[in-house]
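K.L.:
What follows is my_file.txt, made up of compact mmCIF, C-alpha atoms:
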# COMPACT_ATOMS: atom_id res chain seq x y z
CA MET A 1 0.39 101.38 -8.97
CA THR A 2 2.87 99.60 -6.79
CA ASP A 3 4.66 96.34 -7.49
CA SER A 4 2.60 93.32 -8.53
CA PRO A 5 1.83 90.74 -5.91
CA PRO A 6 4.53 88.06 -5.67
CA LEU A 7 4.40 84.62 -7.30
CA ASP A 8 3.28 85.96 -10.64
CA ARG A 9 4.66 85.77 -14.14
CA PRO A 10 6.10 89.11 -15.24
CA ALA A 11 4.84 90.98 -18.29
CA THR A 12 6.57 89.34 -21.27
CA PRO A 13 7.11 90.83 -24.72
CA THR A 14 6.15 88.44 -27.55
CA PRO A 15 8.20 88.24 -30.77
CA ASP A 16 5.74 90.44 -32.69
CA GLY A 17 6.03 93.26 -30.19
CA HIS A 18 2.91 92.61 -28.18
CA THR A 19 3.23 92.30 -24.46
CA LEU A 20 1.61 89.62 -22.36
CA GLU A 21 0.30 91.29 -19.26
CA PRO A 22 -1.72 90.23 -16.25
CA TRP A 23 -5.50 90.64 -16.07
CA GLU A 24 -7.46 90.19 -12.85
CA VAL A 25 -10.59 88.07 -13.05
CA PHE A 26 -13.61 88.52 -10.77
CA ARG A 27 -16.40 86.01 -10.83
CA GLN A 28 -20.00 85.72 -9.71
CA GLU A 29 -21.12 82.23 -8.81
CA LYS A 30 -24.82 82.88 -9.08
CA GLU A 31 -27.12 85.79 -9.82
CA GLY A 32 -27.18 88.19 -6.85
CA ASP A 33 -23.87 87.04 -5.36
CA PRO A 34 -21.06 89.59 -4.96
CA MET A 35 -18.25 89.57 -7.49
CA ARG A 36 -15.28 87.82 -5.90
CA HIS A 37 -11.68 87.82 -7.04
CA GLY A 38 -10.93 84.50 -8.76
CA GLY A 39 -7.34 84.92 -9.91
CA SER A 40 -5.50 86.24 -12.92
CA VAL A 41 -4.63 85.36 -16.51
CA MET A 42 -1.89 86.53 -18.85
CA ALA A 43 -3.01 87.85 -22.24
CA PRO A 44 -1.83 90.32 -24.91
CA ASP A 45 -5.15 92.16 -25.34
CA PRO A 46 -8.71 92.43 -23.97
CA GLU A 47 -10.27 89.96 -26.42
CA LEU A 48 -7.90 87.11 -25.59
CA ALA A 49 -8.03 88.06 -21.89
CA VAL A 50 -11.80 87.48 -22.01
CA HIS A 51 -11.35 84.13 -23.80
CA TYR A 52 -8.75 82.92 -21.31
CA ALA A 53 -10.77 84.12 -18.31
CA ARG A 54 -13.70 82.16 -19.69
CA GLU A 55 -11.53 79.03 -20.02
CA LEU A 56 -9.90 79.30 -16.60
CA PHE A 57 -12.85 80.54 -14.54
CA GLY A 58 -15.95 79.54 -16.48
CA ARG A 59 -15.51 76.39 -18.50
CA ARG A 60 -16.96 74.13 -15.77
CA GLN A 61 -20.12 76.25 -15.48
CA GLU A 62 -18.86 77.63 -12.15
CA SER A 63 -19.62 81.28 -13.00
CA VAL A 64 -22.59 83.26 -14.32
CA ARG A 65 -20.58 86.48 -14.85
CA LEU A 66 -16.94 87.45 -15.12
CA TRP A 67 -15.26 90.85 -14.84
CA ILE A 68 -11.86 91.02 -16.52
CA VAL A 69 -9.72 93.99 -15.52
CA ARG A 70 -6.31 94.96 -16.85
CA ARG A 71 -4.16 94.93 -13.74
CA SER A 72 -2.41 98.20 -14.66
CA ASP A 73 -5.85 99.89 -14.57
CA ILE A 74 -6.24 99.04 -10.89
CA HIS A 75 -5.24 101.70 -8.36
CA ASP A 76 -3.40 99.80 -5.71
CA LEU A 77 -3.20 101.18 -2.17
CA ASP A 78 -1.20 99.34 0.44
CA ASP A 79 0.50 102.29 2.25
CA VAL A 80 0.77 101.38 5.94
CA ASP A 81 0.75 105.03 7.03
CA LEU A 82 -2.65 105.44 5.38
CA LEU A 83 -4.17 102.06 6.19
CA GLN A 84 -2.52 100.95 9.45
CA PRO A 85 -1.51 104.17 11.30
CA PRO A 86 0.47 103.58 14.50
CA LEU A 87 -1.59 105.65 16.96
CA ASP A 88 -4.72 104.54 18.75
CA ARG A 89 -7.73 104.93 16.43
CA SER A 90 -10.30 103.17 18.60
CA PHE A 91 -12.32 106.40 18.87
CA LYS A 92 -13.07 106.07 15.14
CA LYS A 93 -14.82 102.78 15.72
CA PRO A 94 -18.53 102.96 16.59
CA GLY A 95 -18.09 100.37 19.34
CA GLY A 96 -16.32 102.88 21.58
CA TYR A 97 -19.10 105.49 21.55
CA VAL A 98 -22.52 104.83 23.11
CA MET A 99 -25.04 107.41 21.89
CA ARG A 100 -28.34 105.76 22.75
CA ASP A 101 -28.82 107.71 26.02
CA LYS A 102 -27.72 111.01 24.47
CA LEU A 103 -30.12 110.50 21.57
CA ALA A 104 -33.04 109.73 23.95
CA ALA A 105 -32.30 112.92 25.94
CA ALA A 106 -32.18 115.01 22.76
CA ARG A 107 -35.57 113.60 21.63
CA GLU A 108 -36.98 114.40 25.06
CA ARG A 109 -35.86 118.00 24.79
CA SER A 110 -37.18 118.51 21.25
CA GLY A 111 -40.40 116.53 21.77
CA THR A 112 -39.87 114.23 18.77
CA LYS A 113 -40.64 110.54 18.82
CA LYS A 114 -38.37 107.69 17.90
CA PRO A 115 -38.99 106.98 14.21
CA LYS A 116 -40.39 103.61 13.28
CA ALA A 117 -38.14 101.14 11.62
CA ARG A 118 -38.23 101.68 7.88
CA SER A 119 -40.17 99.06 6.05
CA ARG A 120 -38.15 97.35 3.34
CA MET B 121 -34.12 53.42 -30.61
CA THR B 122 -36.19 56.53 -30.90
CA ALA B 123 -39.69 56.15 -32.22
CA THR B 124 -39.08 58.56 -35.05
CA ALA B 125 -36.11 56.58 -36.40
CA GLN B 126 -38.48 53.74 -37.29
CA ASP B 127 -40.60 56.14 -39.29
CA LEU B 128 -37.71 56.98 -41.61
CA LEU B 129 -37.51 55.37 -45.04
CA PRO B 130 -34.60 52.91 -45.27
CA ALA B 131 -32.77 55.10 -47.80
CA THR B 132 -33.24 58.17 -45.59
CA ARG B 133 -32.03 56.24 -42.58
CA ASN B 134 -28.95 55.18 -44.48
CA ALA B 135 -28.22 58.74 -45.61
CA LEU B 136 -28.76 59.98 -42.05
CA SER B 137 -26.36 57.39 -40.63
CA LEU B 138 -23.67 58.48 -43.12
CA LEU B 139 -24.22 62.13 -42.18
CA LEU B 140 -23.93 61.30 -38.46
CA LEU B 141 -20.80 59.23 -39.11
CA ALA B 142 -19.22 62.04 -41.15
CA MET B 143 -19.97 64.65 -38.48
CA ALA B 144 -18.90 62.42 -35.58
CA ASP B 145 -15.65 61.37 -37.27
CA ASP B 146 -14.87 65.00 -38.15
CA GLU B 147 -15.27 66.09 -34.54
CA PHE B 148 -13.44 63.03 -33.23
CA VAL B 149 -10.40 63.47 -35.48
CA ILE B 150 -10.02 67.24 -35.04
CA GLY B 151 -10.52 66.78 -31.29
CA PHE B 152 -7.75 64.20 -31.01
CA SER B 153 -5.48 66.08 -33.39
CA ASP B 154 -5.80 69.40 -31.51
CA SER B 155 -5.40 67.70 -28.13
CA GLU B 156 -1.78 67.15 -29.17
CA TRP B 157 -1.20 70.79 -28.12
CA THR B 158 -1.78 69.92 -24.47
CA GLY B 159 1.41 70.87 -22.68
CA ILE B 160 3.09 72.61 -25.63
CA ALA B 161 0.73 75.43 -26.72
CA PRO B 162 2.28 78.92 -27.16
CA LEU B 163 1.26 80.08 -23.68
CA LEU B 164 -0.19 78.50 -20.58
CA GLU B 165 -3.63 80.08 -20.99
CA GLU B 166 -3.79 78.96 -24.63
CA ASP B 167 -2.79 75.47 -23.56
CA VAL B 168 -5.85 75.32 -21.30
CA ALA B 169 -8.07 76.89 -23.98
CA MET B 170 -6.99 74.60 -26.85
CA SER B 171 -7.20 71.50 -24.65
CA SER B 172 -10.67 72.52 -23.55
CA LEU B 173 -11.80 73.10 -27.15
CA ALA B 174 -10.41 69.69 -28.14
CA GLN B 175 -12.33 68.12 -25.26
CA ASP B 176 -15.51 69.86 -26.41
CA GLU B 177 -15.08 68.32 -29.88
CA LEU B 178 -14.66 64.85 -28.39
CA GLY B 179 -17.83 65.47 -26.38
CA HIS B 180 -19.69 66.36 -29.56
CA ALA B 181 -18.30 63.25 -31.25
CA GLN B 182 -19.45 61.08 -28.35
CA ALA B 183 -23.00 62.47 -28.50
CA LEU B 184 -23.12 61.97 -32.29
CA TYR B 185 -21.75 58.39 -32.06
CA ARG B 186 -24.42 57.61 -29.46
CA LEU B 187 -27.13 58.89 -31.76
CA LEU B 188 -25.64 56.85 -34.59
CA ALA B 189 -25.51 53.71 -32.41
CA GLU B 190 -29.23 54.11 -31.63
CA LEU B 191 -30.07 54.69 -35.27
CA VAL B 192 -28.19 51.74 -36.78
CA ASP B 193 -28.90 49.49 -33.77
CA ASP B 194 -26.38 46.82 -34.81
CA GLY B 195 -25.08 45.97 -31.33
CA ARG B 196 -22.17 48.43 -31.37
CA ASN B 197 -22.11 51.20 -28.78
CA ALA B 198 -20.50 54.63 -29.20
CA ASP B 199 -17.05 53.41 -28.07
CA ALA B 200 -17.11 50.47 -30.48
CA ILE B 201 -17.96 52.78 -33.39
CA ALA B 202 -15.33 55.33 -32.32
CA PHE B 203 -12.41 52.96 -31.71
CA ASP B 204 -12.93 49.59 -33.39
CA ARG B 205 -12.54 50.49 -37.04
CA PRO B 206 -9.37 50.23 -39.13
CA PRO B 207 -8.07 53.59 -40.43
CA GLU B 208 -9.73 53.02 -43.84
CA GLY B 209 -13.11 52.74 -42.10
CA TYR B 210 -13.13 56.35 -40.89
CA TYR B 211 -15.26 58.86 -42.72
CA HIS B 212 -13.81 62.25 -41.76
CA ALA B 213 -13.09 64.96 -44.33
CA ARG B 214 -9.67 65.12 -45.96
CA LEU B 215 -9.07 68.55 -44.36
CA LEU B 216 -8.64 66.64 -41.09
CA ASP B 217 -6.17 64.18 -42.61
CA HIS B 218 -3.39 66.77 -42.43
CA PRO B 219 -0.97 66.49 -39.51
CA ARG B 220 -1.31 68.97 -36.65
CA GLY B 221 1.63 70.98 -38.02
CA ASP B 222 2.61 74.28 -36.40
CA TRP B 223 0.34 76.74 -34.60
CA ALA B 224 -0.59 78.47 -37.87
CA ASP B 225 -1.65 75.10 -39.39
CA THR B 226 -3.81 74.40 -36.36
CA ILE B 227 -5.46 77.84 -36.40
CA ALA B 228 -5.97 77.80 -40.18
CA ARG B 229 -7.53 74.35 -40.05
CA ARG B 230 -9.73 75.19 -37.08
CA PHE B 231 -10.92 78.34 -38.83
CA LEU B 232 -11.72 76.52 -42.09
CA TYR B 233 -13.33 73.59 -40.27
CA ASP B 234 -15.31 75.52 -37.66
CA THR B 235 -16.77 77.94 -40.22
CA ALA B 236 -17.80 75.04 -42.51
CA ASP B 237 -19.11 73.00 -39.56
CA SER B 238 -21.20 75.94 -38.36
CA VAL B 239 -22.89 76.17 -41.79
CA ARG B 240 -23.56 72.42 -41.67
CA LEU B 241 -25.00 72.63 -38.14
CA GLU B 242 -27.17 75.60 -39.07
CA ALA B 243 -28.71 73.57 -41.90
CA LEU B 244 -29.73 70.85 -39.41
CA ALA B 245 -30.90 73.05 -36.53
CA GLU B 246 -34.56 73.19 -37.58
CA GLY B 247 -34.59 69.65 -38.96
CA SER B 248 -37.51 67.25 -38.77
CA TRP B 249 -35.73 64.50 -36.83
CA PRO B 250 -35.94 65.73 -33.21
CA PRO B 251 -32.99 63.78 -31.72
CA LEU B 252 -30.59 65.39 -34.19
CA ALA B 253 -32.15 68.87 -34.13
CA ASP B 254 -31.98 68.87 -30.30
CA LEU B 255 -28.35 67.77 -30.23
CA VAL B 256 -27.37 70.27 -32.92
CA GLY B 257 -28.97 73.05 -30.85
CA LYS B 258 -26.70 72.18 -27.91
CA ILE B 259 -23.58 71.77 -30.04
CA ARG B 260 -24.15 75.15 -31.71
CA ARG B 261 -24.15 76.91 -28.34
CA GLU B 262 -20.63 75.60 -27.68
CA GLU B 263 -19.43 76.19 -31.23
CA ARG B 264 -20.24 79.90 -30.85
CA TYR B 265 -17.32 80.22 -28.46
CA HIS B 266 -15.09 78.08 -30.69
CA LEU B 267 -15.68 80.49 -33.57
CA LEU B 268 -14.87 83.52 -31.40
CA HIS B 269 -11.68 81.91 -30.14
CA VAL B 270 -10.34 80.73 -33.48
CA GLY B 271 -11.45 83.96 -35.18
CA ALA B 272 -9.39 86.00 -32.71
CA TRP B 273 -6.27 83.96 -33.52
CA PHE B 274 -6.89 83.86 -37.27
CA GLU B 275 -7.16 87.67 -37.38
CA ARG B 276 -4.05 88.15 -35.26
CA LEU B 277 -1.87 85.84 -37.36
CA ALA B 278 -3.14 87.40 -40.59
CA ALA B 279 -2.71 90.99 -39.37
CA ALA B 280 0.78 90.50 -37.90
CA ASP B 281 3.37 91.18 -40.58
CA GLY B 282 6.37 88.90 -40.91
CA GLU B 283 6.53 85.38 -39.60
CA PRO B 284 2.96 84.94 -38.28
CA ARG B 285 1.36 86.01 -41.58
CA ARG B 286 3.87 84.09 -43.66
CA ARG B 287 3.18 80.91 -41.69
CA LEU B 288 -0.57 81.42 -41.95
CA LEU B 289 -0.29 81.83 -45.74
CA ASP B 290 1.84 78.67 -45.94
CA ALA B 291 -0.75 76.79 -43.86
CA LEU B 292 -3.62 78.01 -46.04
CA GLY B 293 -1.66 76.91 -49.11
CA ARG B 294 -1.53 73.38 -47.71
CA LEU B 295 -5.03 73.21 -46.24
CA ALA B 296 -7.38 75.45 -48.26
CA PRO B 297 -7.65 73.05 -51.28
CA ASP B 298 -9.14 70.51 -48.86
CA ALA B 299 -11.32 72.93 -46.86
CA ALA B 300 -14.51 72.35 -48.84
CA THR B 301 -14.25 68.58 -48.32
CA VAL B 302 -16.11 69.15 -45.04
CA LEU B 303 -19.17 70.10 -47.10
CA ALA B 304 -18.67 67.70 -50.02
CA PRO B 305 -21.80 65.78 -51.12
CA LEU B 306 -22.78 62.69 -49.13
CA PRO B 307 -24.53 59.65 -50.69
CA ASP B 308 -28.33 60.06 -50.94
CA GLU B 309 -28.20 63.46 -49.25
CA LEU B 310 -31.18 64.65 -51.30
CA GLY B 311 -33.28 62.23 -49.25
CA LEU B 312 -32.34 64.16 -46.10
CA VAL B 313 -33.52 67.41 -47.67
CA LEU B 314 -36.78 65.83 -48.88
CA ALA B 315 -37.36 64.39 -45.38
CA GLY B 316 -36.79 67.85 -43.90
CA ILE B 317 -33.81 66.71 -41.83
CA ALA B 318 -31.46 69.16 -43.58
CA ASP B 319 -32.56 72.39 -45.22
CA ALA B 320 -30.19 72.24 -48.21
CA THR B 321 -27.84 69.99 -50.18
CA SER B 322 -24.05 70.24 -50.05
CA ASP B 323 -23.75 72.55 -53.07
CA GLU B 324 -25.91 75.12 -51.34
CA LEU B 325 -24.04 74.69 -48.03
CA GLU B 326 -20.72 75.25 -49.78
CA ALA B 327 -22.08 78.44 -51.35
CA ARG B 328 -23.32 79.63 -47.95
CA TRP B 329 -19.91 78.89 -46.41
CA GLU B 330 -18.05 80.83 -49.14
CA ALA B 331 -20.36 83.81 -48.63
CA ARG B 332 -19.82 83.59 -44.88
CA ILE B 333 -16.00 83.61 -44.96
CA ARG B 334 -15.44 85.88 -47.98
CA PRO B 335 -15.66 89.19 -46.03
CA THR B 336 -13.01 87.96 -43.56
CA PHE B 337 -10.65 86.74 -46.28
CA GLU B 338 -11.07 89.98 -48.26
CA ARG B 339 -10.56 92.21 -45.22
CA LEU B 340 -7.40 90.32 -44.27
CA ASP B 341 -6.25 90.20 -47.91
CA LEU B 342 -6.01 86.40 -47.93
CA PRO B 343 -6.69 84.17 -50.98
CA MET B 344 -10.13 82.51 -50.87
CA PRO B 345 -10.04 78.70 -50.60
CA PRO B 346 -10.40 77.03 -54.04
CA PRO B 347 -13.12 74.44 -54.73
CA ALA B 348 -12.43 71.08 -53.11
CA ARG B 349 -9.82 69.06 -54.97
CA ASP B 350 -11.06 65.56 -55.86
CA PRO B 351 -14.41 65.99 -54.07
CA GLY B 352 -15.56 62.44 -54.93
CA ARG B 353 -12.96 61.07 -52.53
CA SER B 354 -13.37 63.68 -49.80
CA ARG B 355 -13.85 61.16 -47.01
CA THR B 356 -11.80 58.13 -48.12
CA ASP B 357 -8.15 57.31 -48.92
CA HIS B 358 -6.79 58.62 -45.64
CA SER B 359 -3.24 59.86 -45.14
CA ASP B 360 -0.25 58.42 -43.30
CA ALA B 361 -0.61 61.25 -40.79
CA PHE B 362 -4.10 59.97 -39.97
CA ARG B 363 -2.89 56.36 -39.76
CA TRP B 364 -0.35 57.52 -37.17
CA LEU B 365 -3.02 59.43 -35.21
CA HIS B 366 -5.30 56.37 -35.38
CA GLY B 367 -2.53 54.29 -33.81
CA GLU B 368 -2.33 56.84 -31.00
CA PHE B 369 -6.03 57.18 -30.23
CA THR B 370 -6.73 53.43 -30.38
CA ALA B 371 -3.70 52.50 -28.23
CA VAL B 372 -5.57 52.12 -24.92
CA ARG B 373 -8.51 50.36 -26.52
CA ARG B 374 -6.17 47.80 -28.10
CA LEU B 375 -4.43 47.17 -24.76
CA ASP B 376 -7.63 46.78 -22.76
CA ARG B 377 -11.09 46.81 -24.33
CA GLU B 378 -12.75 47.29 -20.95
CA ALA B 379 -10.59 50.21 -19.85
CA THR B 380 -12.52 53.06 -18.22
CA TRP B 381 -11.49 56.30 -16.53
Using structure tokens, write down the structure from this file.
P.N.:
Amino acid sequence: MTDSPPLDRPATPTPDGHTLEPWEVFRQEKEGDPMRHGGSVMAPDPELAVHYARELFGRRQESVRLWIVRRSDIHDLDDVDLLQPPLDRSFKKPGGYVMRDKLAAARERSGTKKPKARSR
Amino acid sequence: MTATAQDLLPATRNALSLLLLAMADDEFVIGFSDSEWTGIAPLLEEDVAMSSLAQDELGHAQALYRLLAELVDDGRNADAIAFDRPPEGYYHARLLDHPRGDWADTIARRFLYDTADSVRLEALAEGSWPPLADLVGKIRREERYHLLHVGAWFERLAAADGEPRRRLLDALGRLAPDAATVLAPLPDELGLVLAGIADATSDELEARWEARIRPTFERLDLPMPPPARDPGRSRTDHSDAFRWLHGEFTAVRRLDREATW
């Protein structure tokens, strides 16, 4: 876990020893949609995190489902050496490698036919 | 005017209008009182939550006042009923006459009120007058969340040693003797039971409410609320705190009767 994103309130101890911490909220607008990140809330525990997520991301009937995740449970990866290496990586992208002709030649040699498109 | 309202006996109609007025005024007063937390709640998220709950209560009050306006059909609309009475004309329970107080007062009152209100709503949910049964069905779906929210806070204040628990006990000391006023008998309420509009009289509702909250109070080692003090005047003789609140929530109406959002 690396540093939190900027522009956020830090975890704050309350007088009774609990700590307010950030929870990330993901929301689904309608059945079948992907879950999308909506924002975050501060709360001392899962129960209140769920209540506050409901108030901030669901009270206007804008969501059919929420996922509420304690931020410290998220594995954060933003290492540039791993994600944005400096050398040319274009050979890892399918666009740089045309295999249609090679595949047709291989089928020719083995005598197999092109499979039909799978029905859904 | 709904067709079924004309079928009601005059005495039943009168009892029903008092029940609607009691419920609407309860929701209206607690809604306005709790909306005072907007901007100053203990944390930003709770500020949004409490303001949203208060808004919900005002929405319930509006729907109940509309139903009442249709039933009594005396030329007043929901706004006129809500805003154009003097403080003595309001019919909310004495529990809601207390000032907002601190956060523990607000949570204690919400817990006592919401649990009693949920028993009252339950008794009307299968009632024989469709406009009320339908509305109660919708209100109950929102009150489910209110109970979860206030329950979470009530448990946390009670379970936290030191200041939170001490303040909650102080608040209960002030409020609990008035808690059962929410379910105190209403005039001619037996007529509502005989007409099938409610499934029980106030005595039975109060017993159901006690049974409902007892496990929570015992688990948290809190004293059970006593019977209502002075139940005959549960909804009259309002406090100075309410007269102040009345001045606040009628301020715009008194400046401009036609004001809209």
K.L.:
Quick one: pull the distance between CA of Asp234 in chain B and CA of Arg328 in chain B, Å, one decimal.
P.N.:
13.7 Å
K.L.:
List as a PyMOL selection string the protein and nucleic acid residues near Ser40 in chain A, meaning an atom at most 8 Å away when all atoms listed in the file are counted, but skip any in the same chain fewer than 4 places from it.
P.N.:
chain A and resi 22-25+53
K.L.:
Hey, list the chain B side of the contact with chain A: 12 Å cut-off, only C-alpha atoms, answer as a ChimeraX atom specification.
P.N.:
/B:162-173,175-176,262,265-273,275-277,279-285
K.L.:
Of the residues B:Ile227, B:Ile259, B:Ile201, B:Ala253, which is the one nearest to Gly179 in chain B, using only C-alpha atoms?
P.N.:
B:Ile259
K.L.:
Given the choices B:Ala296, B:Leu365, B:Ala278, B:Ala320, which gets closest to Asp341 in chain B if the distance is worked out from only C-alpha atoms?
P.N.:
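Of the candidates, the smallest distance to Asp341 in chain B is held by B:Ala278.
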K.L.:
Which residue is closest to Asp45 in chain A? Choose from A:Gln84, A:Thr112, A:Ser90, A:Thr19 and count all atoms listed in the file.
P.N.:
A:Thr19
K.L.:
Measuring between only C-alpha atoms, which one of B:Phe203, B:Phe148, B:Phe231, B:Trp329 shows the shortest distance to Ala304 in chain B?
P.N.:
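Smallest distance to Ala304 in chain B is found for B:Trp329.
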K.L.:
Starting from 8 Å padding per side, set up an axis-aligned box that covers all listed atoms of range 142-146 of chain B and hand over centre and edge lengths in Å, one decimal, as AutoDock Vina command-line options.
P.N.:
--center_x -17.4 --center_y 63.2 --center_z -38.4 --size_x 21.1 --size_y 19.6 --size_z 21.6
K.L.:
Give me the residues within 9 Å of range 32-39 of chain A as a list in words, counting only C-alpha atoms and dropping any in the same chain fewer than 3 places off.
P.N.:
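Neighbouring residues, sequence-local ones excluded: Trp23, Glu24, Val25, Phe26, Arg27, Gln28, Glu29, Phe57, Arg65, Leu66 and Trp67 of chain A.
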K.L.:
Please measure the separation of CA of His366 in chain B and CA of Asp225 in chain B, giving the value in Å to one decimal.
P.N.:
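A separation of 19.5 Å between them.
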K.L.:
Enter the distance from CA of Asp308 in chain B to CA of Asp217 in chain B, in Å, rounded to one decimal.
P.N.:
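Here the two named atoms are 24.0 Å from each other.
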K.L.:
So that I can see what lies close to Met143 in chain B, please list as an mmCIF file with C-alpha atoms, in the coordinates of the input the residues with an atom at most 8 Å from it, counting only C-alpha atoms and leaving out residues fewer than 4 positions away in the same chain.
P.N.:
data_model
loop_
_atom_site.group_PDB
_atom_site.id
_atom_site.type_symbol
_atom_site.label_atom_id
_atom_site.label_comp_id
_atom_site.auth_asym_id
_atom_site.auth_seq_id
_atom_site.Cartn_x
_atom_site.Cartn_y
_atom_site.Cartn_z
ATOM 1 C CA LEU B 139 -24.220 62.130 -42.180
ATOM 2 C CA GLU B 147 -15.270 66.090 -34.540
ATOM 3 C CA ALA B 181 -18.300 63.250 -31.250
ATOM 4 C CA LEU B 184 -23.120 61.970 -32.290
ATOM 5 C CA HIS B 212 -13.810 62.250 -41.760
#
K.L.:
Which residue, B:Gly195, B:Gly367, B:Pro351, B:Pro346, has the smallest gap to Leu292 in chain B when you use all atoms listed in the file?
P.N.:
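Selected residue with least distance to Leu292 in chain B: B:Pro346.
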K.L.:
Using all atoms listed in the file, which of B:Lys258, B:Arg349, B:Arg205, B:Arg294 sits nearest Ala224 in chain B?
P.N.:
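Checking each of B:Lys258, B:Arg349, B:Arg205, B:Arg294 against Ala224 in chain B, counting all atoms listed in the file, the winner is B:Arg294.
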K.L.:
Rebuild range 247-262 of chain B to N, CA and C atoms - output it as a PDB file, in the coordinates of the input, please.
P.N.:
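Written file, rebuild.pdb:
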ATOM      1  N   GLY B 247     -34.240  70.874 -38.237  1.00  0.00           N
ATOM      2  CA  GLY B 247     -34.590  69.650 -38.960  1.00  0.00           C
ATOM      3  C   GLY B 247     -35.749  68.888 -38.351  1.00  0.00           C
ATOM      4  N   SER B 248     -36.271  67.947 -39.147  1.00  0.00           N
ATOM      5  CA  SER B 248     -37.510  67.250 -38.770  1.00  0.00           C
ATOM      6  C   SER B 248     -37.263  66.037 -37.883  1.00  0.00           C
ATOM      7  N   TRP B 249     -36.001  65.640 -37.703  1.00  0.00           N
ATOM      8  CA  TRP B 249     -35.730  64.500 -36.830  1.00  0.00           C
ATOM      9  C   TRP B 249     -35.299  65.043 -35.467  1.00  0.00           C
ATOM     10  N   PRO B 250     -36.201  65.023 -34.471  1.00  0.00           N
ATOM     11  CA  PRO B 250     -35.940  65.730 -33.210  1.00  0.00           C
ATOM     12  C   PRO B 250     -34.630  65.358 -32.510  1.00  0.00           C
ATOM     13  N   PRO B 251     -34.231  64.067 -32.468  1.00  0.00           N
ATOM     14  CA  PRO B 251     -32.990  63.780 -31.720  1.00  0.00           C
ATOM     15  C   PRO B 251     -31.788  64.552 -32.279  1.00  0.00           C
ATOM     16  N   LEU B 252     -31.713  64.682 -33.600  1.00  0.00           N
ATOM     17  CA  LEU B 252     -30.590  65.390 -34.190  1.00  0.00           C
ATOM     18  C   LEU B 252     -30.743  66.908 -34.023  1.00  0.00           C
ATOM     19  N   ALA B 253     -31.949  67.425 -34.259  1.00  0.00           N
ATOM     20  CA  ALA B 253     -32.150  68.870 -34.130  1.00  0.00           C
ATOM     21  C   ALA B 253     -31.841  69.327 -32.694  1.00  0.00           C
ATOM     22  N   ASP B 254     -32.257  68.513 -31.702  1.00  0.00           N
ATOM     23  CA  ASP B 254     -31.980  68.870 -30.300  1.00  0.00           C
ATOM     24  C   ASP B 254     -30.480  68.897 -30.020  1.00  0.00           C
ATOM     25  N   LEU B 255     -29.788  67.851 -30.474  1.00  0.00           N
ATOM     26  CA  LEU B 255     -28.350  67.770 -30.230  1.00  0.00           C
ATOM     27  C   LEU B 255     -27.614  68.917 -30.933  1.00  0.00           C
ATOM     28  N   VAL B 256     -28.014  69.191 -32.163  1.00  0.00           N
ATOM     29  CA  VAL B 256     -27.370  70.270 -32.920  1.00  0.00           C
ATOM     30  C   VAL B 256     -27.563  71.606 -32.202  1.00  0.00           C
ATOM     31  N   GLY B 257     -28.733  71.813 -31.611  1.00  0.00           N
ATOM     32  CA  GLY B 257     -28.970  73.050 -30.850  1.00  0.00           C
ATOM     33  C   GLY B 257     -27.962  73.201 -29.726  1.00  0.00           C
ATOM     34  N   LYS B 258     -27.670  72.122 -29.027  1.00  0.00           N
ATOM     35  CA  LYS B 258     -26.700  72.180 -27.910  1.00  0.00           C
ATOM     36  C   LYS B 258     -25.285  72.387 -28.438  1.00  0.00           C
ATOM     37  N   ILE B 259     -24.940  71.644 -29.490  1.00  0.00           N
ATOM     38  CA  ILE B 259     -23.580  71.770 -30.040  1.00  0.00           C
ATOM     39  C   ILE B 259     -23.336  73.199 -30.531  1.00  0.00           C
ATOM     40  N   ARG B 260     -24.345  73.795 -31.163  1.00  0.00           N
ATOM     41  CA  ARG B 260     -24.150  75.150 -31.710  1.00  0.00           C
ATOM     42  C   ARG B 260     -23.842  76.160 -30.609  1.00  0.00           C
ATOM     43  N   ARG B 261     -24.426  75.963 -29.427  1.00  0.00           N
ATOM     44  CA  ARG B 261     -24.150  76.910 -28.340  1.00  0.00           C
ATOM     45  C   ARG B 261     -22.686  76.858 -27.935  1.00  0.00           C
ATOM     46  N   GLU B 262     -22.061  75.678 -27.999  1.00  0.00           N
ATOM     47  CA  GLU B 262     -20.630  75.600 -27.680  1.00  0.00           C
ATOM     48  C   GLU B 262     -19.769  76.080 -28.848  1.00  0.00           C
TER      49      GLU B 262
END
